[in-house]
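The file coords.pdb comes next; it holds PDB, C-alpha atoms, pLDDT in the B column.
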ATOM      1  CA  MET L   1      -3.199 -25.673  -4.533  1.00 33.00           C
ATOM      2  CA  SER L   2      -3.586 -27.479  -7.825  1.00 34.00           C
ATOM      3  CA  THR L   3      -0.569 -27.683 -10.093  1.00 41.00           C
ATOM      4  CA  THR L   4       0.185 -28.897 -13.566  1.00 44.00           C
ATOM      5  CA  LYS L   5       3.168 -31.065 -14.324  1.00 48.00           C
ATOM      6  CA  ASN L   6       6.231 -29.080 -15.345  1.00 50.00           C
ATOM      7  CA  SER L   7       7.531 -30.178 -18.740  1.00 49.00           C
ATOM      8  CA  SER L   8      10.546 -27.853 -19.044  1.00 71.00           C
ATOM      9  CA  ARG L   9      14.182 -28.582 -18.314  1.00 85.00           C
ATOM     10  CA  PHE L  10      13.832 -26.712 -15.015  1.00 95.00           C
ATOM     11  CA  ASP L  11      12.216 -27.911 -11.803  1.00 97.00           C
ATOM     12  CA  GLY L  12      13.003 -25.025  -9.477  1.00 98.00           C
ATOM     13  CA  VAL L  13      13.422 -21.275  -9.234  1.00 98.00           C
ATOM     14  CA  ILE L  14      15.778 -19.659  -6.728  1.00 98.00           C
ATOM     15  CA  PHE L  15      15.152 -15.979  -6.092  1.00 98.00           C
ATOM     16  CA  ASP L  16      17.631 -13.480  -4.815  1.00 96.00           C
ATOM     17  CA  MET L  17      15.660 -11.065  -2.649  1.00 94.00           C
ATOM     18  CA  ASP L  18      16.935  -7.489  -2.974  1.00 91.00           C
ATOM     19  CA  GLY L  19      16.301  -6.146  -6.454  1.00 92.00           C
ATOM     20  CA  VAL L  20      14.327  -9.262  -7.418  1.00 96.00           C
ATOM     21  CA  LEU L  21      11.411  -9.598  -5.010  1.00 97.00           C
ATOM     22  CA  CYS L  22      11.642  -6.047  -3.678  1.00 96.00           C
ATOM     23  CA  ASP L  23      13.739  -2.935  -4.122  1.00 91.00           C
ATOM     24  CA  SER L  24      15.276  -2.533  -0.708  1.00 89.00           C
ATOM     25  CA  GLU L  25      18.602  -1.162  -1.930  1.00 86.00           C
ATOM     26  CA  PRO L  26      17.711   2.532  -1.381  1.00 91.00           C
ATOM     27  CA  PHE L  27      16.595   1.733   2.171  1.00 94.00           C
ATOM     28  CA  ILE L  28      19.606  -0.349   3.222  1.00 92.00           C
ATOM     29  CA  CYS L  29      21.837   2.322   1.680  1.00 95.00           C
ATOM     30  CA  GLU L  30      20.011   5.015   3.658  1.00 96.00           C
ATOM     31  CA  ALA L  31      20.333   2.954   6.832  1.00 97.00           C
ATOM     32  CA  ALA L  32      24.035   2.296   6.283  1.00 97.00           C
ATOM     33  CA  MET L  33      24.752   5.959   5.590  1.00 98.00           C
ATOM     34  CA  THR L  34      22.940   6.876   8.804  1.00 98.00           C
ATOM     35  CA  MET L  35      24.927   4.296  10.753  1.00 98.00           C
ATOM     36  CA  PHE L  36      28.260   5.613   9.457  1.00 98.00           C
ATOM     37  CA  ARG L  37      27.228   9.147  10.373  1.00 97.00           C
ATOM     38  CA  GLU L  38      25.970   8.173  13.851  1.00 97.00           C
ATOM     39  CA  ARG L  39      28.729   5.816  14.873  1.00 97.00           C
ATOM     40  CA  HIS L  40      31.779   7.014  12.954  1.00 97.00           C
ATOM     41  CA  GLY L  41      31.060  10.669  12.201  1.00 96.00           C
ATOM     42  CA  LEU L  42      31.495   9.880   8.531  1.00 96.00           C
ATOM     43  CA  ALA L  43      29.444  11.215   5.597  1.00 97.00           C
ATOM     44  CA  VAL L  44      29.659   8.418   3.030  1.00 97.00           C
ATOM     45  CA  ALA L  45      28.068   8.547  -0.419  1.00 96.00           C
ATOM     46  CA  ALA L  46      25.459   6.183  -1.858  1.00 96.00           C
ATOM     47  CA  ALA L  47      27.827   5.432  -4.737  1.00 96.00           C
ATOM     48  CA  ASP L  48      30.370   4.022  -2.268  1.00 96.00           C
ATOM     49  CA  PHE L  49      28.166   0.981  -1.698  1.00 94.00           C
ATOM     50  CA  VAL L  50      27.567   0.039  -5.349  1.00 89.00           C
ATOM     51  CA  PRO L  51      30.573  -2.339  -5.748  1.00 89.00           C
ATOM     52  CA  PHE L  52      29.359  -4.376  -2.781  1.00 88.00           C
ATOM     53  CA  VAL L  53      25.695  -4.805  -3.730  1.00 80.00           C
ATOM     54  CA  GLY L  54      24.669  -8.451  -3.489  1.00 70.00           C
ATOM     55  CA  ALA L  55      27.663  -9.546  -1.425  1.00 74.00           C
ATOM     56  CA  GLY L  56      25.947  -9.461   1.986  1.00 75.00           C
ATOM     57  CA  GLU L  57      25.958  -6.776   4.639  1.00 83.00           C
ATOM     58  CA  ASN L  58      29.358  -7.725   6.083  1.00 87.00           C
ATOM     59  CA  ARG L  59      30.974  -6.836   2.779  1.00 90.00           C
ATOM     60  CA  TYR L  60      28.485  -4.046   2.029  1.00 92.00           C
ATOM     61  CA  LEU L  61      29.475  -2.205   5.203  1.00 96.00           C
ATOM     62  CA  GLY L  62      33.032  -3.499   5.383  1.00 95.00           C
ATOM     63  CA  GLY L  63      33.965  -2.483   1.854  1.00 95.00           C
ATOM     64  CA  VAL L  64      32.926   1.112   2.489  1.00 97.00           C
ATOM     65  CA  ALA L  65      34.690   1.140   5.853  1.00 97.00           C
ATOM     66  CA  GLU L  66      37.898   0.000   4.153  1.00 96.00           C
ATOM     67  CA  LYS L  67      37.612   2.786   1.585  1.00 95.00           C
ATOM     68  CA  TYR L  68      37.523   5.401   4.341  1.00 96.00           C
ATOM     69  CA  GLY L  69      39.995   3.699   6.671  1.00 96.00           C
ATOM     70  CA  VAL L  70      37.341   3.067   9.350  1.00 94.00           C
ATOM     71  CA  THR L  71      37.437   0.072  11.692  1.00 95.00           C
ATOM     72  CA  LEU L  72      33.966  -1.309  12.284  1.00 96.00           C
ATOM     73  CA  ASP L  73      32.604  -3.141  15.267  1.00 96.00           C
ATOM     74  CA  LEU L  74      30.993  -5.294  12.618  1.00 93.00           C
ATOM     75  CA  GLU L  75      28.312  -7.110  14.578  1.00 92.00           C
ATOM     76  CA  SER L  76      27.274  -4.033  16.536  1.00 96.00           C
ATOM     77  CA  ASP L  77      27.394  -1.708  13.539  1.00 97.00           C
ATOM     78  CA  LYS L  78      25.505  -4.199  11.403  1.00 93.00           C
ATOM     79  CA  ALA L  79      22.866  -4.643  14.097  1.00 93.00           C
ATOM     80  CA  ARG L  80      22.406  -0.859  14.251  1.00 96.00           C
ATOM     81  CA  THR L  81      22.131  -0.689  10.446  1.00 96.00           C
ATOM     82  CA  TYR L  82      19.422  -3.360  10.479  1.00 93.00           C
ATOM     83  CA  ALA L  83      17.549  -1.623  13.301  1.00 95.00           C
ATOM     84  CA  ILE L  84      17.462   1.609  11.290  1.00 97.00           C
ATOM     85  CA  TYR L  85      16.520  -0.326   8.151  1.00 96.00           C
ATOM     86  CA  LEU L  86      13.606  -2.191   9.725  1.00 96.00           C
ATOM     87  CA  GLU L  87      12.185   1.115  10.916  1.00 96.00           C
ATOM     88  CA  ILE L  88      12.426   2.939   7.619  1.00 96.00           C
ATOM     89  CA  ILE L  89      10.910   0.185   5.446  1.00 96.00           C
ATOM     90  CA  ARG L  90       7.618   0.139   7.358  1.00 95.00           C
ATOM     91  CA  GLY L  91       4.858   1.026   4.941  1.00 94.00           C
ATOM     92  CA  ARG L  92       7.412   1.904   2.257  1.00 95.00           C
ATOM     93  CA  LEU L  93       8.627  -1.457   0.938  1.00 96.00           C
ATOM     94  CA  GLY L  94       6.470  -3.503  -1.420  1.00 95.00           C
ATOM     95  CA  PRO L  95       6.965  -6.304  -3.938  1.00 97.00           C
ATOM     96  CA  LEU L  96       8.344  -5.382  -7.331  1.00 96.00           C
ATOM     97  CA  GLU L  97       6.152  -5.517 -10.418  1.00 96.00           C
ATOM     98  CA  GLY L  98       5.181  -9.029 -11.440  1.00 97.00           C
ATOM     99  CA  VAL L  99       6.488 -10.823  -8.348  1.00 97.00           C
ATOM    100  CA  ARG L 100       3.198 -12.250  -7.088  1.00 97.00           C
ATOM    101  CA  GLU L 101       2.047 -13.258 -10.563  1.00 96.00           C
ATOM    102  CA  PHE L 102       5.373 -14.903 -11.429  1.00 97.00           C
ATOM    103  CA  ILE L 103       5.376 -16.910  -8.196  1.00 97.00           C
ATOM    104  CA  ALA L 104       1.782 -17.992  -8.787  1.00 96.00           C
ATOM    105  CA  ASN L 105       2.666 -19.086 -12.323  1.00 95.00           C
ATOM    106  CA  CYS L 106       5.628 -21.098 -11.034  1.00 96.00           C
ATOM    107  CA  ARG L 107       3.381 -22.831  -8.529  1.00 95.00           C
ATOM    108  CA  ARG L 108       0.843 -23.667 -11.236  1.00 95.00           C
ATOM    109  CA  ARG L 109       3.656 -25.312 -13.161  1.00 95.00           C
ATOM    110  CA  GLY L 110       4.667 -27.396 -10.153  1.00 96.00           C
ATOM    111  CA  LEU L 111       8.042 -25.727  -9.696  1.00 97.00           C
ATOM    112  CA  LYS L 112       9.855 -25.679  -6.371  1.00 98.00           C
ATOM    113  CA  LEU L 113      10.727 -22.216  -5.071  1.00 98.00           C
ATOM    114  CA  ALA L 114      13.492 -20.872  -2.833  1.00 98.00           C
ATOM    115  CA  VAL L 115      14.855 -17.540  -1.662  1.00 98.00           C
ATOM    116  CA  ALA L 116      18.639 -17.246  -1.410  1.00 98.00           C
ATOM    117  CA  SER L 117      19.716 -13.869  -0.056  1.00 94.00           C
ATOM    118  CA  SER L 118      23.154 -12.787   1.128  1.00 88.00           C
ATOM    119  CA  ALA L 119      21.443 -10.618   3.742  1.00 86.00           C
ATOM    120  CA  ASP L 120      21.208 -11.775   7.351  1.00 87.00           C
ATOM    121  CA  ARG L 121      17.994 -13.392   8.544  1.00 92.00           C
ATOM    122  CA  ALA L 122      16.811 -10.189  10.264  1.00 90.00           C
ATOM    123  CA  LYS L 123      16.664  -8.400   6.923  1.00 90.00           C
ATOM    124  CA  VAL L 124      15.214 -11.385   5.049  1.00 94.00           C
ATOM    125  CA  ASP L 125      12.456 -11.756   7.638  1.00 94.00           C
ATOM    126  CA  GLY L 126      11.699  -8.034   7.613  1.00 94.00           C
ATOM    127  CA  ASN L 127      11.553  -7.829   3.838  1.00 95.00           C
ATOM    128  CA  LEU L 128       9.364 -10.894   3.315  1.00 96.00           C
ATOM    129  CA  ARG L 129       7.016  -9.734   6.047  1.00 95.00           C
ATOM    130  CA  GLU L 130       6.762  -6.201   4.653  1.00 96.00           C
ATOM    131  CA  ILE L 131       6.081  -7.333   1.071  1.00 96.00           C
ATOM    132  CA  GLY L 132       3.506  -9.918   2.162  1.00 96.00           C
ATOM    133  CA  LEU L 133       5.368 -13.072   1.109  1.00 96.00           C
ATOM    134  CA  PRO L 134       5.749 -15.205   4.246  1.00 90.00           C
ATOM    135  CA  TRP L 135       8.268 -18.042   4.469  1.00 91.00           C
ATOM    136  CA  ALA L 136       5.494 -20.532   3.690  1.00 93.00           C
ATOM    137  CA  THR L 137       5.363 -19.061   0.165  1.00 95.00           C
ATOM    138  CA  PHE L 138       8.648 -20.854  -0.545  1.00 98.00           C
ATOM    139  CA  ASP L 139       9.951 -24.389  -0.170  1.00 98.00           C
ATOM    140  CA  ALA L 140      13.238 -23.095   1.250  1.00 98.00           C
ATOM    141  CA  VAL L 141      14.679 -19.787   2.472  1.00 98.00           C
ATOM    142  CA  VAL L 142      18.444 -19.371   2.778  1.00 97.00           C
ATOM    143  CA  ASN L 143      20.147 -16.290   4.233  1.00 95.00           C
ATOM    144  CA  GLY L 144      23.696 -15.054   4.480  1.00 90.00           C
ATOM    145  CA  LEU L 145      24.213 -16.526   7.943  1.00 90.00           C
ATOM    146  CA  ASP L 146      23.672 -20.007   6.498  1.00 96.00           C
ATOM    147  CA  VAL L 147      26.860 -19.913   4.410  1.00 96.00           C
ATOM    148  CA  VAL L 148      30.522 -19.133   4.912  1.00 94.00           C
ATOM    149  CA  HIS L 149      31.412 -17.917   1.438  1.00 93.00           C
ATOM    150  CA  LYS L 150      29.171 -15.133   0.134  1.00 89.00           C
ATOM    151  CA  LYS L 151      28.395 -14.253  -3.471  1.00 90.00           C
ATOM    152  CA  PRO L 152      30.129 -14.307  -5.952  1.00 92.00           C
ATOM    153  CA  ALA L 153      30.984 -17.695  -4.450  1.00 96.00           C
ATOM    154  CA  PRO L 154      28.326 -20.288  -5.399  1.00 98.00           C
ATOM    155  CA  GLU L 155      27.747 -21.675  -1.892  1.00 98.00           C
ATOM    156  CA  ILE L 156      24.386 -20.004  -1.244  1.00 98.00           C
ATOM    157  CA  PHE L 157      22.838 -21.284  -4.467  1.00 98.00           C
ATOM    158  CA  LEU L 158      24.277 -24.759  -3.996  1.00 98.00           C
ATOM    159  CA  LEU L 159      22.692 -24.835  -0.546  1.00 98.00           C
ATOM    160  CA  ALA L 160      19.344 -23.576  -1.849  1.00 98.00           C
ATOM    161  CA  ALA L 161      19.278 -26.212  -4.598  1.00 98.00           C
ATOM    162  CA  SER L 162      20.152 -28.873  -2.044  1.00 98.00           C
ATOM    163  CA  LYS L 163      17.273 -27.754   0.185  1.00 98.00           C
ATOM    164  CA  LEU L 164      14.968 -28.096  -2.835  1.00 98.00           C
ATOM    165  CA  SER L 165      16.421 -31.595  -3.440  1.00 98.00           C
ATOM    166  CA  LEU L 166      17.361 -30.512  -6.959  1.00 98.00           C
ATOM    167  CA  PRO L 167      20.638 -30.409  -8.886  1.00 98.00           C
ATOM    168  CA  PRO L 168      21.614 -26.801  -9.662  1.00 98.00           C
ATOM    169  CA  ALA L 169      21.359 -27.483 -13.391  1.00 98.00           C
ATOM    170  CA  ARG L 170      17.609 -28.009 -12.921  1.00 98.00           C
ATOM    171  CA  CYS L 171      17.226 -24.559 -11.339  1.00 98.00           C
ATOM    172  CA  VAL L 172      16.861 -21.024 -12.645  1.00 98.00           C
ATOM    173  CA  VAL L 173      18.355 -18.365 -10.389  1.00 98.00           C
ATOM    174  CA  VAL L 174      16.802 -14.901 -10.602  1.00 98.00           C
ATOM    175  CA  GLU L 175      19.377 -12.211  -9.826  1.00 97.00           C
ATOM    176  CA  ASP L 176      19.892  -8.480 -10.222  1.00 94.00           C
ATOM    177  CA  ALA L 177      23.579  -8.013  -9.376  1.00 91.00           C
ATOM    178  CA  PRO L 178      26.814  -9.122 -11.047  1.00 93.00           C
ATOM    179  CA  ASN L 179      27.978 -10.800  -7.830  1.00 91.00           C
ATOM    180  CA  GLY L 180      24.816 -12.899  -7.822  1.00 94.00           C
ATOM    181  CA  VAL L 181      24.949 -13.766 -11.514  1.00 97.00           C
ATOM    182  CA  GLN L 182      28.526 -14.966 -11.104  1.00 97.00           C
ATOM    183  CA  ALA L 183      27.490 -17.061  -8.105  1.00 97.00           C
ATOM    184  CA  ALA L 184      24.586 -18.620 -10.001  1.00 98.00           C
ATOM    185  CA  LYS L 185      26.739 -19.576 -12.971  1.00 98.00           C
ATOM    186  CA  ALA L 186      29.504 -20.907 -10.716  1.00 98.00           C
ATOM    187  CA  ALA L 187      26.889 -23.114  -9.041  1.00 98.00           C
ATOM    188  CA  GLY L 188      25.947 -24.566 -12.428  1.00 98.00           C
ATOM    189  CA  ALA L 189      22.484 -23.002 -12.558  1.00 98.00           C
ATOM    190  CA  ALA L 190      20.835 -21.015 -15.322  1.00 97.00           C
ATOM    191  CA  CYS L 191      20.372 -17.333 -14.523  1.00 98.00           C
ATOM    192  CA  LEU L 192      17.747 -14.738 -15.333  1.00 98.00           C
ATOM    193  CA  GLY L 193      19.195 -11.271 -14.801  1.00 97.00           C
ATOM    194  CA  LEU L 194      16.845  -8.423 -13.894  1.00 97.00           C
ATOM    195  CA  THR L 195      17.917  -4.877 -14.722  1.00 97.00           C
ATOM    196  CA  THR L 196      16.477  -3.391 -11.529  1.00 93.00           C
ATOM    197  CA  SER L 197      19.919  -2.471 -10.184  1.00 89.00           C
ATOM    198  CA  PHE L 198      22.502  -2.909 -12.943  1.00 92.00           C
ATOM    199  CA  SER L 199      22.561  -2.606 -16.718  1.00 96.00           C
ATOM    200  CA  ALA L 200      21.783  -5.449 -19.097  1.00 97.00           C
ATOM    201  CA  ASP L 201      25.376  -5.356 -20.336  1.00 98.00           C
ATOM    202  CA  ALA L 202      26.776  -5.704 -16.802  1.00 97.00           C
ATOM    203  CA  LEU L 203      24.597  -8.735 -16.122  1.00 98.00           C
ATOM    204  CA  ARG L 204      25.212 -10.293 -19.534  1.00 97.00           C
ATOM    205  CA  ASP L 205      28.973  -9.842 -19.133  1.00 97.00           C
ATOM    206  CA  CYS L 206      28.785 -11.903 -15.936  1.00 96.00           C
ATOM    207  CA  GLY L 207      26.993 -14.738 -17.719  1.00 97.00           C
ATOM    208  CA  ALA L 208      23.249 -14.118 -17.360  1.00 97.00           C
ATOM    209  CA  ASP L 209      21.372 -16.409 -19.750  1.00 97.00           C
ATOM    210  CA  TRP L 210      18.361 -14.108 -20.097  1.00 97.00           C
ATOM    211  CA  ILE L 211      17.726 -10.448 -19.323  1.00 97.00           C
ATOM    212  CA  ALA L 212      14.444  -8.843 -18.271  1.00 97.00           C
ATOM    213  CA  PRO L 213      13.418  -5.551 -16.647  1.00 96.00           C
ATOM    214  CA  ASN L 214      11.433  -7.314 -13.901  1.00 96.00           C
ATOM    215  CA  LEU L 215       9.372 -10.446 -13.257  1.00 97.00           C
ATOM    216  CA  ALA L 216       6.384  -8.982 -15.100  1.00 96.00           C
ATOM    217  CA  HIS L 217       8.275  -9.120 -18.400  1.00 95.00           C
ATOM    218  CA  VAL L 218      10.332 -12.302 -18.602  1.00 93.00           C
ATOM    219  CA  PRO L 219      11.255 -14.473 -21.577  1.00 88.00           C
ATOM    220  CA  ALA L 220       9.722 -17.941 -21.881  1.00 84.00           C
ATOM    221  CA  LEU L 221      11.741 -20.005 -19.418  1.00 80.00           C
ATOM    222  CA  PHE L 222       9.532 -22.995 -18.782  1.00 69.00           C
ATOM    223  CA  GLY L 223       7.958 -23.836 -22.127  1.00 56.00           C
TER     224      GLY L 223
END
What's the structure tokens form of this structure?
Amino acid sequence: MSTTKNSSRFDGVIFDMDGVLCDSEPFICEAAMTMFRERHGLAVAAADFVPFVGAGENRYLGGVAEKYGVTLDLESDKARTYAIYLEIIRGRLGPLEGVREFIANCRRRGLKLAVASSADRAKVDGNLREIGLPWATFDAVVNGLDVVHKKPAPEIFLLAASKLSLPPARCVVVEDAPNGVQAAKAAGAACLGLTTSFSADALRDCGADWIAPNLAHVPALFG
């Protein structure tokens, strides 16, 4: 693929996955609600999961379990949630508006690309496969099992930048959740916040440098 030399202050883009490349939140919420009903006889609400969006499935499930005083068998319950999830996304999950075009534009500019998702590899693999963006699309793919400290800690973005052989300050992180924006800024990266899951004010309050509705309508980042 031919590229042109990038002349901006950025050399890499690190994408969160959920709410950035695809909108899987309704499906993982549906799967988690089903798991709680099946395994714990508990009817939880979609709103219960909102505070834990972007923090990885351990916290996503664990935070709701704590609210209701339920003790999870975390690995088993998470595995069941993923099994349900991978079934329900078939033929239903696609890339968000502008994703393919934005990635192609980044490649034309010679930028390095990474995915850094707090989700486990099973979900990352399933999502990328379903939306037609294989691992080879990116220079690095990092998942929640690769780090100890999940977002809002900066570890996942520091690792992604390292895998791109770039300092974080030379990277733009694309995020949709306050936890992720905080992690990006703590890592020392710039952050584009997408309002696919949370309001512009919520993302701006956490430090997002730019706000856009999706990757089809972004400000000029690489001029």
### Message
I'd like to see the residues matched by the PyMOL selection byres ((chain L and resi 116) around 9) on this file, and ideally I'd get them as a PyMOL selection string.
### Response
chain L and resi 14-17+114-115+117-119+140-144+156-157+159-160
### Message
To test your reading of the syntax: which residues would the PyMOL selection byres ((chain L and resi 22-36) around 6) return for the file shown? Reply as number ranges by chain.
### Response
L: 18-21, 37-40, 42, 81, 84-85, 95-96
### Query
For the file shown, what are the residues hit by the PyMOL selection byres ((chain L and resi 191-194) around 10), laid out as a VMD selection string?
chain L and resid 13 to 15 19 to 20 171 to 178 180 to 185 188 to 190 195 to 200 202 to 204 206 to 215 217 to 219 221
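Look at range 133-138 of chain L: the protein and nucleic acid residues within 6 Å of it, using all atoms listed in the file and passing over chain neighbours fewer than 4 places away, are Leu113, Ala114, Leu128 and Arg129 of chain L.
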### Query
How far is it from CA of Arg90 in chain L to CA of Gly132 in chain L, in Å with one decimal?
12.0 Å
